[in-house]
$ cat final15.tsv   # TSV, C-alpha atoms
chain	number	residue	atom	x	y	z
L	1	MET	CA	107.12	88.58	87.93
L	2	THR	CA	103.61	87.94	89.06
L	3	THR	CA	104.15	86.73	92.54
L	4	MET	CA	102.20	83.58	93.12
L	5	SER	CA	101.06	84.40	96.60
L	6	GLN	CA	98.98	81.92	98.47
L	7	SER	CA	95.83	83.12	100.04
L	8	ARG	CA	95.96	83.01	103.76
L	9	SER	CA	99.61	81.98	103.85
L	10	GLY	CA	100.95	82.60	107.27
L	11	TYR	CA	99.15	85.40	109.04
L	12	VAL	CA	98.42	87.72	106.14
L	13	ASP	CA	95.63	87.45	103.65
L	14	ARG	CA	97.24	87.78	100.22
L	15	PRO	CA	94.76	87.22	97.44
L	16	SER	CA	96.57	85.57	94.57
L	17	SER	CA	94.57	87.35	91.96
L	18	SER	CA	92.78	90.63	92.17
L	19	SER	CA	89.12	90.50	92.88
L	20	LEU	CA	86.96	93.21	91.42
L	21	ALA	CA	86.33	94.63	94.87
L	22	ASP	CA	90.05	94.96	95.49
L	23	VAL	CA	90.64	96.59	92.13
L	24	VAL	CA	87.84	99.08	92.58
L	25	GLU	CA	89.16	100.09	95.97
L	26	VAL	CA	92.67	100.60	94.76
L	27	ILE	CA	92.07	102.17	91.39
L	28	LEU	CA	89.01	104.33	91.55
L	29	ASP	CA	89.82	108.02	91.41
L	30	LYS	CA	93.55	107.36	91.16
L	31	GLY	CA	95.94	107.97	88.33
L	32	LEU	CA	96.95	110.66	85.90
L	33	VAL	CA	94.37	112.78	84.21
L	34	ILE	CA	94.99	114.26	80.80
L	35	ASP	CA	94.14	117.89	80.28
L	36	ALA	CA	90.68	118.40	78.93
L	37	TYR	CA	91.91	120.71	76.21
L	38	VAL	CA	93.08	117.73	74.21
L	39	ARG	CA	89.50	116.53	73.97
L	40	VAL	CA	89.82	113.67	76.34
L	41	SER	CA	86.68	111.98	77.38
L	42	LEU	CA	86.58	110.21	80.67
L	43	VAL	CA	84.30	107.30	80.17
L	44	GLY	CA	81.08	107.69	82.05
L	45	ILE	CA	80.96	105.09	84.73
L	46	GLU	CA	77.92	105.07	86.87
L	47	VAL	CA	79.18	104.66	90.34
L	48	LEU	CA	76.98	104.67	93.33
L	49	THR	CA	78.84	106.73	95.82
L	50	ILE	CA	77.82	107.12	99.36
L	51	ASP	CA	78.77	109.63	101.91
L	52	ALA	CA	80.32	106.96	104.04
L	53	ARG	CA	80.60	109.22	107.03
L	54	ILE	CA	76.88	108.85	107.16
L	55	VAL	CA	77.28	105.12	107.22
L	56	ILE	CA	79.88	105.08	109.94
L	57	ALA	CA	78.25	107.75	112.03
L	58	SER	CA	74.71	106.67	111.31
L	59	VAL	CA	72.09	105.38	113.65
L	60	ASP	CA	71.99	102.24	111.58
L	61	THR	CA	75.68	101.61	112.18
L	62	TYR	CA	75.35	102.29	115.89
L	63	LEU	CA	72.48	99.84	116.18
L	64	ARG	CA	74.47	97.19	114.37
L	65	PHE	CA	77.42	97.59	116.68
L	66	ALA	CA	75.14	97.59	119.68
L	67	GLU	CA	73.73	94.33	118.45
L	68	ALA	CA	77.22	92.93	117.92
L	69	THR	CA	78.06	93.95	121.47
L	70	ASN	CA	74.95	92.32	122.87
L	71	ARG	CA	75.51	89.13	120.93
L	72	LEU	CA	79.04	88.85	122.14
L	73	ASP	CA	79.67	85.84	124.29
L	74	LEU	CA	82.21	87.07	126.74
L	75	THR	CA	82.89	83.62	128.13
L	76	GLN	CA	84.57	82.78	124.85
L	77	GLN	CA	86.98	85.65	125.03
L	78	GLY	CA	88.76	83.86	127.84
L	79	GLY	CA	91.55	85.20	129.94
L	80	LYS	CA	91.11	87.75	132.64
L	81	ASP	CA	88.15	88.39	134.84
L	82	LEU	CA	86.09	91.35	133.96
L	83	PRO	CA	87.14	93.41	136.98
L	84	GLU	CA	90.78	92.65	136.28
L	85	LEU	CA	90.47	93.74	132.72
L	86	MET	CA	88.69	96.92	133.72
L	87	GLU	CA	91.55	97.78	136.04
L	88	SER	CA	94.15	97.42	133.38
L	89	MET	CA	92.41	99.13	130.54
L	90	GLY	CA	91.75	102.73	129.94
L	91	GLU	CA	88.59	104.38	128.90
L	92	SER	CA	87.78	104.52	125.28
L	93	GLY	CA	86.61	107.55	123.51
L	94	GLY	CA	87.62	109.61	120.62
L	95	LYS	CA	86.59	110.97	117.31
L	96	SER	CA	84.83	109.04	114.66
L	97	LYS	CA	86.76	108.61	111.50
L	98	ALA	CA	86.09	110.14	108.19
L	99	SER	CA	85.82	107.62	105.47
L	100	SER	CA	85.89	107.23	101.75
L	101	ALA	CA	83.10	106.65	99.34
L	102	ILE	CA	84.73	103.52	98.10
L	103	SER	CA	82.38	100.98	99.63
L	104	GLY	CA	79.49	102.25	97.62
L	105	ALA	CA	81.47	102.18	94.43
L	106	LYS	CA	82.64	98.74	95.26
L	107	GLU	CA	79.13	97.56	95.78
L	108	ALA	CA	77.97	99.12	92.56
L	109	LEU	CA	80.59	97.47	90.42
L	110	THR	CA	80.64	94.15	92.20
L	111	GLY	CA	76.91	94.04	92.72
L	112	GLY	CA	77.23	92.28	96.00
L	113	ASN	CA	78.61	92.24	99.47
L	114	ASP	CA	82.20	92.57	100.40
L	115	ASP	CA	83.17	88.98	101.02
L	116	ASP	CA	85.00	89.78	104.18
L	117	ASP	CA	82.01	91.22	105.93
L	118	ASP	CA	81.27	88.03	107.70
L	119	GLU	CA	78.17	89.23	109.45
L	120	ASP	CA	75.18	89.92	107.40
L	121	GLU	CA	74.54	93.58	107.61
L	122	SER	CA	72.06	95.64	105.82
L	123	ARG	CA	73.87	98.85	105.33
L	124	GLU	CA	71.58	101.67	104.79
L	125	ARG	CA	72.88	103.74	102.01
L	126	ARG	CA	71.78	106.97	100.53
L	127	PRO	CA	72.92	106.39	96.98
L	128	ARG	CA	74.09	109.30	94.95
L	129	LYS	CA	74.91	108.67	91.35
L	130	LYS	CA	78.16	110.07	90.15
L	131	VAL	CA	78.79	110.04	86.46
L	132	ALA	CA	82.33	110.90	85.56
L	133	SER	CA	82.16	112.35	82.14
L	134	LYS	CA	84.37	115.08	80.84
L	135	SER	CA	84.65	115.95	77.21
L	136	GLU	CA	85.12	119.03	75.14
X	1	MET	CA	73.42	107.58	50.44
X	2	SER	CA	76.41	108.70	52.38
X	3	GLU	CA	77.46	106.05	54.81
X	4	GLN	CA	80.71	106.88	56.43
X	5	GLN	CA	83.14	104.10	57.02
X	6	ALA	CA	83.75	103.95	60.71
X	7	VAL	CA	87.43	104.41	61.37
X	8	VAL	CA	88.43	103.52	64.87
X	9	THR	CA	90.64	106.28	66.19
X	10	ASP	CA	89.59	106.55	69.83
X	11	GLN	CA	92.46	105.39	71.99
X	12	TYR	CA	91.98	103.94	75.43
X	13	VAL	CA	95.02	105.03	77.44
X	14	TYR	CA	96.25	102.82	80.30
X	15	GLY	CA	99.28	104.80	81.31
X	16	ILE	CA	102.68	106.20	80.46
X	17	VAL	CA	105.98	104.34	80.25
X	18	PRO	CA	109.49	105.09	79.02
X	19	ALA	CA	109.48	104.66	75.23
X	20	ALA	CA	111.97	101.80	75.41
X	21	THR	CA	109.63	99.68	77.52
X	22	GLU	CA	109.08	96.27	75.99
X	23	LEU	CA	105.57	94.93	75.96
X	24	PRO	CA	105.08	91.20	76.43
X	25	PRO	CA	104.08	89.66	73.11
X	26	GLY	CA	100.34	89.16	72.80
X	27	LEU	CA	99.50	91.52	75.65
X	28	THR	CA	95.78	92.22	75.67
X	29	GLY	CA	93.78	94.71	77.65
X	30	VAL	CA	90.33	96.24	77.45
X	31	ASN	CA	87.82	94.42	75.26
X	32	ASN	CA	90.40	91.63	75.01
X	33	SER	CA	92.19	93.76	72.42
X	34	PRO	CA	95.92	94.23	71.97
X	35	VAL	CA	97.88	96.83	73.89
X	36	THR	CA	100.37	98.90	71.91
X	37	LYS	CA	102.61	101.90	72.46
X	38	LEU	CA	102.40	105.36	70.95
X	39	GLU	CA	105.80	106.97	71.34
X	40	SER	CA	107.09	110.49	71.38
X	41	GLY	CA	110.21	112.04	72.79
X	42	GLY	CA	111.34	109.23	75.06
X	43	TYR	CA	107.90	108.42	76.46
X	44	ALA	CA	105.10	106.22	75.31
X	45	ALA	CA	101.42	105.95	75.99
X	46	LEU	CA	100.03	102.45	76.42
X	47	VAL	CA	96.90	102.29	74.29
X	48	THR	CA	94.17	100.15	72.80
X	49	PRO	CA	91.86	101.45	70.07
X	50	VAL	CA	88.22	101.25	71.11
X	51	ASP	CA	85.24	101.60	68.82
X	52	ASP	CA	82.60	102.11	71.48
X	53	PRO	CA	83.89	104.39	74.22
X	54	ASP	CA	80.63	104.26	76.12
X	55	SER	CA	80.95	100.56	76.73
X	56	VAL	CA	84.47	100.72	78.10
X	57	GLY	CA	83.36	101.20	81.67
X	58	SER	CA	82.75	97.57	82.55
X	59	PRO	CA	84.03	95.42	85.40
X	60	ASP	CA	85.96	93.22	82.97
X	61	ASN	CA	87.71	96.23	81.54
X	62	LEU	CA	88.50	97.57	84.97
X	63	LEU	CA	90.21	94.28	85.73
X	64	ALA	CA	91.97	94.35	82.36
X	65	HIS	CA	93.20	97.88	83.02
X	66	SER	CA	94.73	96.91	86.32
X	67	ARG	CA	96.12	93.64	84.99
X	68	VAL	CA	97.97	95.42	82.19
X	69	LEU	CA	99.41	98.03	84.53
X	70	ASP	CA	100.29	95.66	87.37
X	71	GLY	CA	101.95	93.28	84.93
X	72	LEU	CA	104.10	95.92	83.28
X	73	SER	CA	105.00	97.57	86.56
X	74	ALA	CA	106.78	94.39	87.57
X	75	ASP	CA	109.46	95.06	84.97
X	76	GLY	CA	109.73	98.81	84.90
X	77	PRO	CA	108.19	102.12	85.88
X	78	VAL	CA	104.63	102.81	84.79
X	79	LEU	CA	102.41	105.81	85.47
X	80	PRO	CA	98.79	104.66	85.59
X	81	MET	CA	96.18	106.78	83.90
X	82	THR	CA	92.79	107.15	85.52
X	83	PHE	CA	90.57	104.27	84.47
X	84	GLY	CA	88.47	105.13	81.45
X	85	THR	CA	90.72	107.72	79.83
X	86	ILE	CA	90.08	107.97	76.10
X	87	VAL	CA	91.82	110.29	73.65
X	88	PRO	CA	90.10	110.80	70.30
X	89	ASP	CA	93.07	110.02	68.07
X	90	PRO	CA	96.65	108.79	68.17
X	91	GLU	CA	98.08	111.98	66.67
X	92	THR	CA	96.81	113.96	69.62
X	93	ILE	CA	98.68	111.67	71.95
X	94	VAL	CA	101.89	111.75	69.96
X	95	ASN	CA	101.88	115.41	68.99
X	96	GLU	CA	100.25	117.06	71.96
X	97	VAL	CA	99.85	114.99	75.09
X	98	LEU	CA	103.26	113.37	75.29
X	99	PRO	CA	105.32	116.43	74.39
X	100	SER	CA	103.42	118.79	76.66
X	101	MET	CA	103.58	116.48	79.67
X	102	HIS	CA	107.23	115.58	79.24
X	103	GLU	CA	108.39	117.04	82.54
X	104	THR	CA	105.54	115.61	84.56
X	105	TYR	CA	106.15	112.18	83.14
X	106	GLU	CA	109.86	112.42	83.80
X	107	GLU	CA	109.34	113.35	87.43
X	108	GLY	CA	106.61	110.80	87.83
X	109	LEU	CA	108.59	107.91	86.41
X	110	ASN	CA	111.64	108.82	88.47
X	111	ARG	CA	109.52	108.81	91.58
X	112	VAL	CA	108.34	105.23	91.05
X	113	GLU	CA	111.33	103.78	89.25
X	114	GLY	CA	112.65	100.62	90.88
X	115	ALA	CA	109.72	100.28	93.25
X	116	ALA	CA	106.36	98.58	93.47
X	117	GLN	CA	103.20	99.50	95.32
X	118	PHE	CA	101.63	97.40	98.02
X	119	THR	CA	98.28	98.11	99.61
X	120	VAL	CA	97.95	97.15	103.25
X	121	ARG	CA	94.62	96.93	105.00
X	122	ALA	CA	94.36	96.21	108.72
X	123	ARG	CA	90.96	95.55	110.23
X	124	TYR	CA	89.94	94.69	113.79
X	125	ASP	CA	88.55	91.36	114.82
X	126	ARG	CA	85.27	92.71	116.03
X	127	GLU	CA	84.55	90.23	118.76
X	128	THR	CA	87.96	90.48	120.34
X	129	VAL	CA	88.02	94.24	120.35
X	130	ILE	CA	84.43	94.76	121.42
X	131	ALA	CA	85.21	92.46	124.35
X	132	GLU	CA	88.15	94.72	125.15
X	133	MET	CA	85.83	97.67	125.15
X	134	VAL	CA	83.26	95.99	127.36
X	135	ALA	CA	86.04	95.23	129.80
X	136	GLY	CA	87.62	98.63	129.59
X	137	ASN	CA	84.70	101.03	129.52
X	138	ARG	CA	82.15	101.09	132.32
X	139	GLU	CA	79.52	102.86	130.30
X	140	ILE	CA	79.77	100.32	127.49
X	141	ALA	CA	79.56	97.45	129.95
X	142	ALA	CA	76.57	98.98	131.69
X	143	LEU	CA	74.71	99.74	128.49
X	144	ARG	CA	75.39	96.27	127.24
X	145	GLU	CA	73.76	94.81	130.31
X	146	SER	CA	70.81	97.12	130.45
X	147	THR	CA	69.95	96.88	126.76
X	148	ALA	CA	70.16	93.11	126.86
X	149	SER	CA	67.35	92.89	129.34
X	150	GLN	CA	65.04	95.46	127.79
X	151	SER	CA	62.78	95.30	124.78
X	152	GLU	CA	64.03	96.79	121.57
X	153	GLU	CA	61.70	99.73	121.76
X	154	ALA	CA	62.49	100.49	125.36
X	155	SER	CA	66.22	100.34	124.80
X	156	HIS	CA	66.33	102.00	121.40
X	157	TYR	CA	68.18	105.12	122.44
X	158	ASP	CA	70.43	103.27	124.81
X	159	ARG	CA	71.41	100.93	122.02
X	160	ILE	CA	72.21	103.86	119.78
X	161	ARG	CA	74.36	105.29	122.54
X	162	LEU	CA	76.02	101.92	123.04
X	163	GLY	CA	76.79	101.59	119.35
X	164	GLU	CA	78.10	105.12	119.20
X	165	LEU	CA	80.48	104.44	122.07
X	166	VAL	CA	81.68	101.27	120.41
X	167	VAL	CA	82.30	103.05	117.11
X	168	GLU	CA	84.19	105.79	118.93
X	169	GLY	CA	86.10	103.10	120.76
X	170	PHE	CA	87.26	101.59	117.50
X	171	GLY	CA	88.38	105.00	116.36
X	172	ALA	CA	90.42	105.63	119.46
X	173	LYS	CA	92.11	102.26	119.32
X	174	ALA	CA	92.80	102.67	115.62
X	175	ALA	CA	94.61	105.93	116.22
X	176	THR	CA	97.11	104.09	118.40
X	177	ASP	CA	97.28	100.82	116.52
X	178	SER	CA	97.62	102.41	113.08
X	179	ALA	CA	100.57	104.48	114.28
X	180	ALA	CA	102.24	101.35	115.60
X	181	ILE	CA	101.76	99.55	112.29
X	182	LEU	CA	103.10	102.46	110.27
X	183	ASP	CA	106.04	102.76	112.62
X	184	VAL	CA	107.10	99.30	111.48
X	185	LEU	CA	106.27	99.48	107.78
X	186	ALA	CA	106.91	103.09	106.81
X	187	PRO	CA	110.67	102.89	107.38
X	188	LEU	CA	110.77	99.92	105.00
X	189	SER	CA	109.02	101.90	102.29
X	190	ARG	CA	110.17	104.66	100.01
X	191	GLU	CA	106.86	106.40	100.60
X	192	THR	CA	103.50	105.66	102.16
X	193	ALA	CA	100.10	107.14	101.38
X	194	SER	CA	97.29	106.61	103.85
X	195	ARG	CA	93.74	106.14	102.72
X	196	GLU	CA	90.51	107.00	104.43
X	197	SER	CA	88.91	104.10	106.23
X	198	SER	CA	85.81	102.60	104.81
X	199	GLN	CA	84.53	100.79	107.90
X	200	ALA	CA	84.24	101.66	111.55
X	201	ASP	CA	86.34	98.66	112.51
X	202	ASP	CA	89.20	99.44	110.14
X	203	VAL	CA	92.54	100.05	111.80
X	204	VAL	CA	94.33	101.57	108.84
X	205	GLU	CA	94.58	101.28	105.09
X	206	PHE	CA	97.54	102.62	103.19
X	207	ALA	CA	99.62	102.24	100.06
X	208	ALA	CA	103.35	101.72	100.34
X	209	LEU	CA	105.87	102.34	97.58
X	210	VAL	CA	108.57	99.78	98.24
X	211	ASP	CA	112.00	99.49	96.62
X	212	ARG	CA	112.15	96.22	94.72
X	213	ASP	CA	115.09	94.91	96.66
X	214	ALA	CA	113.30	95.74	99.91
X	215	ILE	CA	110.18	93.79	98.95
X	216	PRO	CA	111.04	90.56	100.81
X	217	GLN	CA	111.85	92.56	103.92
X	218	PHE	CA	108.58	94.46	103.64
X	219	GLU	CA	106.54	91.31	103.13
X	220	GLN	CA	108.20	89.65	106.10
X	221	ALA	CA	107.52	92.69	108.26
X	222	VAL	CA	103.83	92.58	107.35
X	223	GLU	CA	103.77	88.90	108.29
X	224	ARG	CA	105.47	89.69	111.57
X	225	VAL	CA	103.05	92.48	112.48
X	226	ALA	CA	100.14	90.29	111.48
X	227	LYS	CA	101.43	87.49	113.66
X	228	GLU	CA	101.89	89.84	116.62
X	229	ASN	CA	98.28	90.91	116.26
X	230	THR	CA	96.74	87.51	115.60
X	231	GLY	CA	93.18	87.35	116.76
X	232	ARG	CA	92.91	91.08	117.25
X	233	ILE	CA	93.80	92.62	113.89
X	234	GLU	CA	93.56	91.02	110.45
X	235	PHE	CA	95.88	92.06	107.67
X	236	ARG	CA	95.34	91.99	103.96
X	237	LEU	CA	98.16	92.70	101.54
X	238	LEU	CA	97.73	93.49	97.85
X	239	GLY	CA	100.64	93.77	95.46
X	240	PRO	CA	103.10	94.13	93.97
X	241	GLN	CA	101.05	96.45	91.83
X	242	ALA	CA	101.36	99.59	89.73
X	243	PRO	CA	101.84	102.83	91.70
X	244	TYR	CA	98.24	104.07	91.60
X	245	ASP	CA	98.61	106.02	94.82
X	246	PHE	CA	101.91	107.62	93.94
X	247	VAL	CA	100.96	109.33	90.74
X	248	GLY	CA	100.66	113.01	91.38
X	249	GLU	CA	97.87	115.16	90.16
X	250	VAL	CA	98.35	116.55	86.73

$ encode --input "final15.tsv" --output "structure tokens"
Amino acid sequence: MTTMSQSRSGYVDRPSSSSLADVVEVILDKGLVIDAYVRVSLVGIEVLTIDARIVIASVDTYLRFAEATNRLDLTQQGGKDLPELMESMGESGGKSKASSAISGAKEALTGGNDDDDDEDESRERRPRKKVASKSE
Amino acid sequence: MSEQQAVVTDQYVYGIVPAATELPPGLTGVNNSPVTKLESGGYAALVTPVDDPDSVGSPDNLLAHSRVLDGLSADGPVLPMTFGTIVPDPETIVNEVLPSMHETYEEGLNRVEGAAQFTVRARYDRETVIAEMVAGNREIAALRESTASQSEEASHYDRIRLGELVVEGFGAKAATDSAAILDVLAPLSRETASRESSQADDVVEFAALVDRDAIPQFEQAVERVAKENTGRIEFRLLGPQAPYDFVGEV
């Protein structure tokens, strides 16, 4: 029962077959682990992990979002006047989110950009090699 | 000259299934090699012998691993093993691993029996939501104006501050919007497991374990939520897939 889902059917993006990026995101670091005493080896996969909090909370990220904000053409967003909108909306503010190290792993195994990052961004990463290898 | 004949005994282990699980004929997995079962006491390990463990960690094999598990999970409960698990010989699996983990496997398979996993990712449309923020936050609006008219050097710190406010803005909105999304989809799921966001403009990413007969309802609800948020939030749905996020730690 492999559901033949159409991509972009309706309002939801449903890839009909798994891309490597999707698989890496879902699978990495998940699943059962067998006790080491039975001499299991966990295949060494070199995965570039990043401390993604650095990415999200980094100066580089802030500058990119500032640029996105400056590039924004507000006339295309239509609808209310600016003053009207400001009346009806609250202030923003809040904590920054923690994040996973998956993007780095994804990039390492796919060797390229996430295809749904439509803007070209040079993410600054501080790569840290993680070799999962456990054997006795 | 003593050249030892290489006997392939290393077993790549995909996961655990009830022993009675039928494998589709001709099922292949890592290294395009056949997948078989090693059974003991009502459970079976899904395995493929591999002669070069160090070369197992490839993108093709990662895809094969997930394809095998996702395919089998459509017809019955499967407990995925972490990608890249190799046990040195079949006897160890049959005589040690399976018997000693009996209880864990029983609980695990019961937990996922009759259900499939879906992975939902919701992400903001940046332009729409940044426009919201410019309209709704005086400081953002002011910084946007002032940095636009200054040189990059002169406005460097203001632009950092602007970006920081925007990132925080996404976070605040996501707190509200993610709760609203989960309010709709969690009740349609047996369980949900949230994941950490990978991008500042993510709303939420989570795995849902959905009863098979509730799958159409779940899918329709995702469509409905996506439609309600058209232009503001984009949804991506993966699945049905094996229950990677609902396999407890061993």

$ closest_residue --input "final15.tsv" --among "X:Gly71, X:Pro216, X:Asp183, X:Asp125" --to "chain L" --atoms "all atoms listed in the file"
X:Gly71

$ closest_residue --input "final15.tsv" --among "X:Val166, X:Val94, X:Val203, X:Leu182" --to "chain L" --atoms "only C-alpha atoms"
X:Val166

$ atom_distance --input "final15.tsv" --atom1 "atom CA of Ile160 of chain X" --atom2 "atom CA of Val59 of chain L"
6.3 Å

$ residues_around --input "final15.tsv" --residues "segment 17-28 of chain X" --least-positions-apart "6" --cutoff "12 Å" --atoms "all atoms listed in the file" --output "number ranges by chain"
L: 1; X: 34-49, 61, 63-69, 71-81, 94, 98, 102, 105-110, 112-113, 242

$ interface_residues --input "final15.tsv" --of "chain X" --to "chain L" --cutoff "6 Å" --atoms "all atoms listed in the file" --output "PyMOL selection string"
chain X and resi 57+74+80-82+84-87+135-137+144+159-160+162-164+168-169+171-172+196-198+200+223+226-227+235-237+244+247

$ atom_distance --input "final15.tsv" --atom1 "atom CA of Phe218 of chain X" --atom2 "atom CA of Leu188 of chain X"
6.0 Å

$ atom_distance --input "final15.tsv" --atom1 "atom CA of Val167 of chain X" --atom2 "atom CA of Glu132 of chain X"
13.0 Å

$ closest_residue --input "final15.tsv" --among "X:Asn229, X:Thr104, X:Asn31, X:Thr119" --to "Phe206 of chain X" --atoms "only C-alpha atoms"
X:Thr119

$ axis_aligned_box --input "final15.tsv" --around "segment 56-63 of chain L" --padding-each-side "8 Å" --output "AutoDock Vina command-line options"
--center_x 75.9 --center_y 103.8 --center_z 113.1 --size_x 23.9 --size_y 23.9 --size_z 22.2

$ residues_around --input "final15.tsv" --residues "Pro187 of chain X" --least-positions-apart "5" --cutoff "12 Å" --atoms "only C-alpha atoms" --output "JSON, numbers by chain"
{"X": [180, 181, 182, 192, 208, 209, 210, 211, 214, 217, 218, 221]}
